[in-house]
file upload_0.cif (mmCIF, C-alpha atoms)
data_query
loop_
_atom_site.label_atom_id
_atom_site.label_comp_id
_atom_site.auth_asym_id
_atom_site.auth_seq_id
_atom_site.Cartn_x
_atom_site.Cartn_y
_atom_site.Cartn_z
CA MET A 8 -262.19 -38.24 13.20
CA LYS A 9 -259.46 -35.75 12.54
CA ASN A 10 -261.80 -33.59 10.46
CA PHE A 11 -264.45 -33.80 13.17
CA LEU A 12 -262.00 -32.54 15.83
CA LEU A 13 -260.86 -29.65 13.57
CA LEU A 14 -264.45 -28.62 12.89
CA THR A 15 -265.24 -28.69 16.62
CA LEU A 16 -262.19 -26.50 17.41
CA LEU A 17 -263.13 -23.88 14.79
CA THR A 18 -266.70 -23.80 16.09
CA CYS A 19 -265.44 -23.13 19.60
CA LEU A 20 -263.15 -20.33 18.44
CA PHE A 21 -265.89 -18.48 16.58
CA SER A 22 -268.28 -18.99 19.48
CA CYS A 23 -265.80 -17.41 21.88
CA LYS A 24 -265.28 -14.49 19.53
CA ASP A 25 -268.99 -13.89 19.17
CA ASN A 26 -269.46 -13.86 22.95
CA THR A 27 -266.74 -11.21 23.51
CA PRO A 28 -268.35 -7.92 24.66
CA PRO A 29 -268.01 -5.18 21.98
CA VAL A 30 -265.68 -2.25 22.66
CA TYR A 31 -267.19 1.21 22.10
CA ASN A 32 -265.22 4.41 21.53
CA THR A 33 -266.50 6.92 24.09
CA GLU A 34 -264.29 9.78 22.81
CA PRO A 35 -266.17 12.53 20.92
CA PRO A 36 -265.44 12.62 17.20
CA ILE A 37 -262.63 14.96 16.15
CA PRO A 38 -263.87 17.46 13.58
CA VAL A 39 -262.13 17.39 10.25
CA SER A 40 -261.69 21.17 10.29
CA PRO A 41 -262.74 23.87 12.76
CA VAL A 42 -265.74 26.03 11.89
CA PRO A 43 -264.39 29.41 10.69
CA LYS A 44 -265.32 32.44 12.75
CA PRO A 45 -267.76 34.76 10.96
CA GLN A 46 -266.09 37.83 9.49
CA PRO A 47 -267.77 41.21 10.02
CA GLU A 48 -268.87 43.26 7.05
CA VAL A 49 -266.22 45.49 5.46
CA ASN A 50 -266.07 48.81 7.29
CA LEU A 51 -263.46 51.42 6.33
CA GLU A 52 -264.81 54.36 8.33
CA ILE A 53 -262.81 56.29 10.92
CA ILE A 54 -264.96 57.86 13.64
CA PRO A 55 -263.00 60.18 15.96
CA GLY A 56 -263.27 59.21 19.62
CA LYS A 57 -265.04 55.96 18.71
CA SER A 58 -263.67 53.53 16.14
CA ILE A 59 -261.63 52.55 13.10
CA GLY A 60 -263.50 50.08 10.93
CA ASN A 61 -264.94 47.28 13.05
CA ILE A 62 -262.66 48.01 16.01
CA LEU A 63 -264.19 50.15 18.75
CA LEU A 64 -262.76 51.87 21.79
CA GLU A 65 -263.72 50.02 25.01
CA GLN A 66 -264.40 46.87 22.95
CA ASN A 67 -263.64 43.60 24.72
CA VAL A 68 -260.37 42.14 23.43
CA SER A 69 -262.06 38.77 22.94
CA GLU A 70 -264.14 40.35 20.18
CA LEU A 71 -261.00 40.95 18.09
CA ALA A 72 -260.73 37.26 17.19
CA PHE A 73 -261.73 38.04 13.59
CA LEU A 74 -258.33 39.72 13.14
CA GLY A 75 -256.45 36.49 13.79
CA GLN A 76 -253.30 36.31 15.88
CA PRO A 77 -251.26 39.55 15.97
CA ASP A 78 -247.91 39.60 14.20
CA LEU A 79 -246.32 41.38 17.16
CA SER A 80 -247.27 41.85 20.80
CA ASP A 81 -245.55 44.14 23.28
CA ALA A 82 -247.14 43.51 26.67
CA ALA A 83 -246.32 44.40 30.26
CA MET A 84 -248.26 44.95 33.49
CA GLY A 85 -251.63 44.17 31.92
CA LYS A 86 -251.10 46.62 29.04
CA ALA A 87 -250.28 45.67 25.47
CA TRP A 88 -249.72 47.04 21.98
CA LEU A 89 -250.89 44.46 19.44
CA THR A 90 -249.74 44.79 15.82
CA TRP A 91 -251.05 43.32 12.58
CA TYR A 92 -249.35 43.84 9.20
CA SER A 93 -251.35 43.85 6.00
CA THR A 94 -250.57 43.38 2.31
CA ASN A 95 -254.15 43.80 1.12
CA SER A 96 -254.33 47.58 1.21
CA LYS A 97 -252.44 50.57 -0.14
CA ARG A 98 -248.98 50.92 1.32
CA ILE A 99 -247.20 53.84 2.89
CA ASN A 100 -243.43 53.54 3.17
CA GLY A 101 -243.60 49.90 2.12
CA LYS A 102 -246.08 48.52 4.66
CA THR A 103 -249.37 49.09 6.40
CA GLU A 104 -250.11 48.20 9.97
CA LEU A 105 -252.84 48.17 12.55
CA ASN A 106 -251.91 48.78 16.18
CA ILE A 107 -254.29 48.33 19.09
CA PHE A 108 -253.53 49.35 22.66
CA THR A 109 -255.32 47.31 25.33
CA THR A 110 -255.54 47.51 29.12
CA TYR A 111 -257.71 46.09 31.88
CA LYS A 112 -261.12 47.75 31.94
CA ASP A 113 -261.01 48.44 35.66
CA ASN A 114 -259.31 47.48 38.90
CA ASP A 115 -261.07 44.09 38.94
CA MET A 116 -258.55 43.08 36.24
CA LYS A 117 -260.98 40.59 34.69
CA GLU A 118 -261.68 42.15 31.31
CA LYS A 119 -259.30 43.69 28.76
CA VAL A 120 -260.56 46.38 26.42
CA VAL A 121 -259.35 48.54 23.53
CA ARG A 122 -258.03 51.97 24.56
CA GLN A 123 -256.40 53.28 21.37
CA ILE A 124 -256.40 52.31 17.69
CA ARG A 125 -253.66 53.28 15.21
CA ILE A 126 -253.78 52.71 11.45
CA THR A 127 -251.38 53.49 8.59
CA SER A 128 -253.54 52.32 5.68
CA SER A 129 -255.08 55.03 3.52
CA ASP A 130 -258.08 52.75 2.84
CA PHE A 131 -259.67 53.97 6.07
CA LYS A 132 -261.24 57.45 5.97
CA THR A 133 -263.22 59.82 8.14
CA GLU A 134 -266.63 61.07 7.01
CA SER A 135 -264.92 64.17 5.64
CA GLY A 136 -262.41 62.08 3.64
CA LEU A 137 -259.35 62.41 5.87
CA SER A 138 -256.89 59.51 5.73
CA THR A 139 -253.21 58.78 5.83
CA GLY A 140 -251.46 60.16 2.78
CA LYS A 141 -253.25 63.50 3.10
CA SER A 142 -251.21 66.65 3.55
CA PHE A 143 -251.09 68.44 6.88
CA SER A 144 -252.74 71.50 5.29
CA GLU A 145 -255.69 69.34 4.14
CA ILE A 146 -256.10 67.91 7.63
CA ALA A 147 -255.77 71.29 9.36
CA ALA A 148 -258.49 72.72 7.10
CA VAL A 149 -260.95 70.10 8.38
CA VAL A 150 -259.66 69.78 11.96
CA PRO A 151 -258.60 73.30 12.98
CA ASP A 152 -258.07 72.63 16.70
CA LEU A 153 -254.86 70.63 16.35
CA THR A 154 -252.14 70.81 18.96
CA MET A 155 -248.61 69.55 18.42
CA LEU A 156 -247.78 67.32 21.38
CA GLY A 157 -244.29 66.23 20.40
CA SER A 158 -242.09 64.55 17.81
CA PHE A 159 -239.99 61.43 17.31
CA LYS A 160 -237.39 60.22 14.85
CA LYS A 161 -238.54 57.76 12.22
CA PRO A 162 -236.03 54.94 11.54
CA GLY A 163 -233.89 56.02 8.60
CA GLY A 164 -235.57 59.43 8.44
CA GLU A 165 -233.73 62.74 8.69
CA ASN A 166 -236.65 64.87 9.86
CA PRO A 167 -238.74 64.07 12.93
CA VAL A 168 -242.35 62.89 12.74
CA GLU A 169 -244.67 65.34 14.49
CA LEU A 170 -247.64 64.24 16.60
CA TYR A 171 -250.75 66.43 16.40
CA ASP A 172 -253.85 65.84 18.48
CA ALA A 173 -257.44 67.06 18.39
CA THR A 174 -257.98 66.12 22.03
CA ASP A 175 -261.63 67.08 22.28
CA LEU A 176 -262.51 65.01 19.19
CA GLY A 177 -260.41 61.98 20.04
CA ILE A 178 -258.25 61.82 16.91
CA ALA A 179 -254.51 62.34 16.43
CA PHE A 180 -252.18 62.39 13.43
CA GLU A 181 -248.55 61.46 12.84
CA ILE A 182 -247.16 63.97 10.36
CA ASP A 183 -244.00 63.24 8.38
CA ASN A 184 -241.81 66.24 7.53
CA THR A 185 -239.91 64.45 4.76
CA GLY A 186 -240.36 66.02 1.35
CA SER A 187 -241.72 69.35 0.25
CA GLU A 188 -245.02 68.99 2.10
CA LYS A 189 -245.96 67.57 5.49
CA THR A 190 -247.87 64.30 5.07
CA CYS A 191 -249.93 62.14 7.43
CA ILE A 192 -248.49 58.65 7.91
CA ALA A 193 -250.72 57.38 10.73
CA ILE A 194 -254.03 58.16 12.43
CA ILE A 195 -254.77 57.33 16.06
CA ILE A 196 -258.24 57.16 17.62
CA HIS A 197 -258.46 57.70 21.37
CA THR A 198 -260.94 58.68 24.05
CA ALA A 199 -262.33 62.15 23.40
CA GLY A 200 -261.16 64.66 25.98
CA LYS A 201 -257.98 62.73 26.83
CA LYS A 202 -254.63 63.49 25.20
CA VAL A 203 -253.40 60.78 22.90
CA THR A 204 -250.07 60.77 24.76
CA GLU A 205 -251.69 59.26 27.86
CA GLU A 206 -251.35 55.85 26.19
CA TYR A 207 -249.33 56.59 23.07
CA LEU A 208 -246.03 57.10 24.89
CA SER A 209 -245.76 53.37 25.44
CA PHE A 210 -245.88 52.93 21.65
CA HIS A 211 -243.33 55.67 20.92
CA PRO A 212 -241.28 55.98 24.13
CA ASP A 213 -238.81 58.12 22.18
CA LEU A 214 -241.44 60.83 21.74
CA VAL A 215 -240.04 64.20 22.78
CA LYS A 216 -242.88 66.28 24.12
CA THR A 217 -243.33 69.84 22.98
CA ASP A 218 -242.28 72.43 25.58
CA GLY A 219 -245.08 73.20 27.96
CA ILE A 220 -247.03 69.98 27.25
CA GLN A 221 -247.30 67.63 30.21
#

call {"tool": "encode", "arguments": {"input": "upload_0.cif", "output": "structure tokens"}}
result
Amino acid sequence: MKNFLLLTLLTCLFSCKDNTPPVYNTEPPIPVSPVPKPQPEVNLEIIPGKSIGNILLEQNVSELAFLGQPDLSDAAMGKAWLTWYSTNSKRINGKTELNIFTTYKDNDMKEKVVRQIRITSSDFKTESGLSTGKSFSEIAAVVPDLTMLGSFKKPGGENPVELYDATDLGIAFEIDNTGSEKTCIAIIIHTAGKKVTEEYLSFHPDLVKTDGIQ
């Protein structure tokens, strides 16, 4: 009798369990790892008034995702200088960096775009072979219409860095006076026909403009 009662109790328990409605997980599955964003093909060309590598003037900021998060960001009033440091290219003065200046495209303030691009890596070159590391005389021979717009002091440097701009082409050069020969340490691409200083001053606010240049 005792065994019969025990068997009946176990049967009831399993019957109750079998009749319990199943619980389904309605949450979407969590991916093991995010799908990596496609990287653009390697492009090391500098095109005055247009682009450096895969970064173009007037490009939507959302299209810069392939660069990853910037190492530094200096933003205010809808404008920003974004900075990435690199260890995968030749170095000038111990580091290379990419700087991108962004602003709102228009007064609607809905879309941010690239306005200026600055590079210190000598891996990037113009069609004529100009890059950072080249002497000022080499640059002037290829880009004769250069105007000095001002100068600024480099941290730890005795001589000022001079800023030269080929406004009509949309390309500017930072020229270091240290040493026996002037040398380019950075190249900036900007809108052709506009002086580089229209945006650049927010990157180097210590820039002292050359007399007569507004």

call {"tool": "resolve_selection", "arguments": {"input": "upload_0.cif", "expression": "the PyMOL selection byres ((chain A and resi 160) around 12)", "output": "ChimeraX atom specification"}}
result
/A:157-159,161-170,181-185,211-215

call {"tool": "resolve_selection", "arguments": {"input": "upload_0.cif", "expression": "the PyMOL selection byres ((chain A and resi 156) around 10)", "output": "PyMOL selection string"}}
result
chain A and resi 153-155+157-158+169-172+179+202-204+214-221

call {"tool": "resolve_selection", "arguments": {"input": "upload_0.cif", "expression": "the PyMOL selection byres ((chain A and resi 76-81) around 12)", "output": "VMD selection string"}}
result
chain A and resid 68 to 69 71 to 75 82 to 93 104 to 109 209 to 211

call {"tool": "atom_distance", "arguments": {"input": "upload_0.cif", "atom1": "CA of Lys57 (chain A)", "atom2": "CA of Val121 (chain A)"}}
result
10.5 Å

call {"tool": "atom_distance", "arguments": {"input": "upload_0.cif", "atom1": "CA of Lys141 (chain A)", "atom2": "CA of Glu48 (chain A)"}}
result
25.9 Å
